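Novice: The structure follows.
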Amino acid sequence: MKNNRITLLILTMVLLLVSGFTGWTGSVQAQSDSGKTYVIGTDITFAPFEFQEINGDFVGIDMDIMAAIAKDQNFKYEIKALGFNAAVQALESNQVDGVIAGMSITDERKTKFDFSDMYFESGVVMGVKASNDTVKSYEDLRGKKVAVKTGTEGYRFAEANASKYGFTIVPFDDSAQMYDDVKTGNSAACFDDFPVLKYGENQKNGLKVVTEPEKGAPYGFAVSKGKNAELLQKFNAGLANIKESGEYKRIVDKYIGDNAESVAQLGRMELIYKSFPALLKGLGNTLLYTIVSLFFAFIIGLIFAFMKVGRNRVLRGIATVFVDIFRGIPLLVLAFFIYFGIPQAFGFTMPLFLAAILTLSLNAGAYVTEIIRGGIQSIDRGQMEAARSLGLPYRKAMMKIVIPQAVRVMIPSFINQMVITLKDTSILSVIGLVELTQSGKIIIARTLSSFDIWLTVAVMYLIVIIALTRLADYLEVKIRRD
């Protein structure tokens, strides 16, 4: 019976691993059978330029332009969905070969990146809640809050005009969050690129455009300064060709033309039903990263815990430093440092999966170290003294007498750490990890249905955490009885 349970557990983990592999890198667009495959970073929560359809395909003006150029120039590429800020940092640290994400060509960015020819002329506009008839101009924003997306032309425009018009900036990492802040009334308005806000208005996202477009920087495809000149040349040549053939105009008109396609408005239950496979896949990745990272965290914790309770002062010092560092650094900062900082400093590319596992394992490992140390030191010293007086060596006394008793003390803390790590996976969506939370963001970017999707995501988290907690409680009772 026991062997059957172990076999079932192993099979479950293998299935999770297999299902998780499909969500790690995004979608590969293969146009030829030869040559290098370029990795292109993007933000798939920026409709109509880039978003993900219900079938998982990446679509939008940027995505269709990239596909048309790759076909024209006969090269292969792979889309890496990271979010705008993460995509730009990935380009700086050479984690991707290029970025296409509605990226404005500015003098500041030209110092770090080489840009293609302009492929879209944009401009910043102000959007307000559809039912808001009091905010019609910048003068109406005095004393109010304005939502903006970090790293965008809208953010720069808001920053330059905040003191002039007396409003406060509220920054967000993606467009959907920014729009929701305005729709809920927390912010009076938002600044965003005209085609993006206009597309949302046409899709009845609850906002309306109330100003004329400001003159803004055009969009361009970016590569790192002095690198990937061949890719940049191919992009420019392909862009010229698709403009000449009329393909470029067909792509733009498809999304923001007079006869642009509208996203089908689904009922609440139909939306949840059609979104559930993508959310379930995201949940599979969440469980996968939790299981794998906790496995390594336990090994790390075991090593450093024994160092902390050992007799060697140097080893105790090393273990203390390890715990202080990885408990002291916020998980978000650690994720950015591992995924962007280290590769940039040493000139190599780090797989997203490895960066995520390292981040979670080191963070959880520091806490597991203290859980194990606390469990061991909670056992009365008389237990060890009695074992030693009976002639047992220190190591054997520890393994046979102290550890079995300490495990019973540690179980509640281990359960708590398991739940914390599972929830911490959501933080790693900022570096492009497509787990349950990121899956929800992607769906919201397409459907603009925040309430329904976030409620579904919350219920899924709740079910899994309650189930794991109940299972752990059962195991705790069983172990204590044994």
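Starting from 1 in every chain, residues are counted up; chains themselves are A, B, ... following the order of the structure tokens, and ligands are numbered from 1 as listed.
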So that I can see what lies close to segment 436-441 of chain A, please list as a list in words the residues with an atom at most 6 Å from it, counting only C-alpha atoms and leaving out residues fewer than 3 positions away in the same chain.
Specialist: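 Once the adjacent positions are removed, what remains is Leu279, Gly282, Leu283, Ser426, Ser429 and Ile444 of chain A.
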Novice: Using only C-alpha atoms, can you tell me which of A:Leu448, A:Ile403, A:Leu231, A:Ile372 comes closest to Gln177 of chain A?
Specialist: A:Leu448
Novice: Can you pull out every residue from segment 141-360 of chain A that DSSP, working from the backbone, puts in strand (DSSP E or B), and format the result as a list in words?
Specialist: Lys145, Val146, Ala147, Val148, Lys149, Thr168, Ile169, Val170, Pro171, Phe172, Ala189, Cys190, Phe191, Asp192, Asp193, Leu207, Lys208, Val209, Tyr219, Ala222, Val223 and Ser224 of chain A
Novice: Near Gln417 of chain A, counting only C-alpha atoms, which residues have an atom at most 8 Å away, once you skip same-chain residues fewer than 5 positions from it, shown as a PyMOL selection string?
Specialist: chain A and resi 364+367-368
Novice: Between segment 61-153 of chain A and segment 203-220 of chain A, at 8 Å or less, what are the per-residue closest atom pairs and their distances in Å? Count only C-alpha atoms, order by chain and rising residue number, and return it as CSV.
Specialist:
```
residue,atom,partner,partner_atom,distance
A:Ile100,CA,A:Gly220,CA,7.3
A:Gly102,CA,A:Tyr219,CA,5.6
A:Met103,CA,A:Tyr219,CA,5.2
A:Ser104,CA,A:Tyr219,CA,4.4
A:Ile105,CA,A:Ala217,CA,5.7
A:Thr106,CA,A:Ala217,CA,6.5
A:Phe115,CA,A:Gly220,CA,5.8
A:Ser116,CA,A:Gly220,CA,5.5
A:Asp117,CA,A:Gly220,CA,6.3
A:Met118,CA,A:Gly220,CA,5.0
A:Tyr119,CA,A:Gly220,CA,5.9
A:Phe120,CA,A:Tyr219,CA,5.2
A:Glu121,CA,A:Pro218,CA,4.5
A:Ser122,CA,A:Pro218,CA,5.7
A:Gly123,CA,A:Gly216,CA,4.3
A:Val124,CA,A:Glu214,CA,5.1
A:Val125,CA,A:Pro213,CA,4.9
A:Met126,CA,A:Thr211,CA,5.7
A:Gly127,CA,A:Val209,CA,4.5
A:Val128,CA,A:Leu207,CA,5.5
A:Lys129,CA,A:Leu207,CA,4.5
A:Ala130,CA,A:Leu207,CA,4.5
A:Lys136,CA,A:Val210,CA,5.7
A:Ser137,CA,A:Thr211,CA,6.8
A:Glu153,CA,A:Gly216,CA,7.2
```
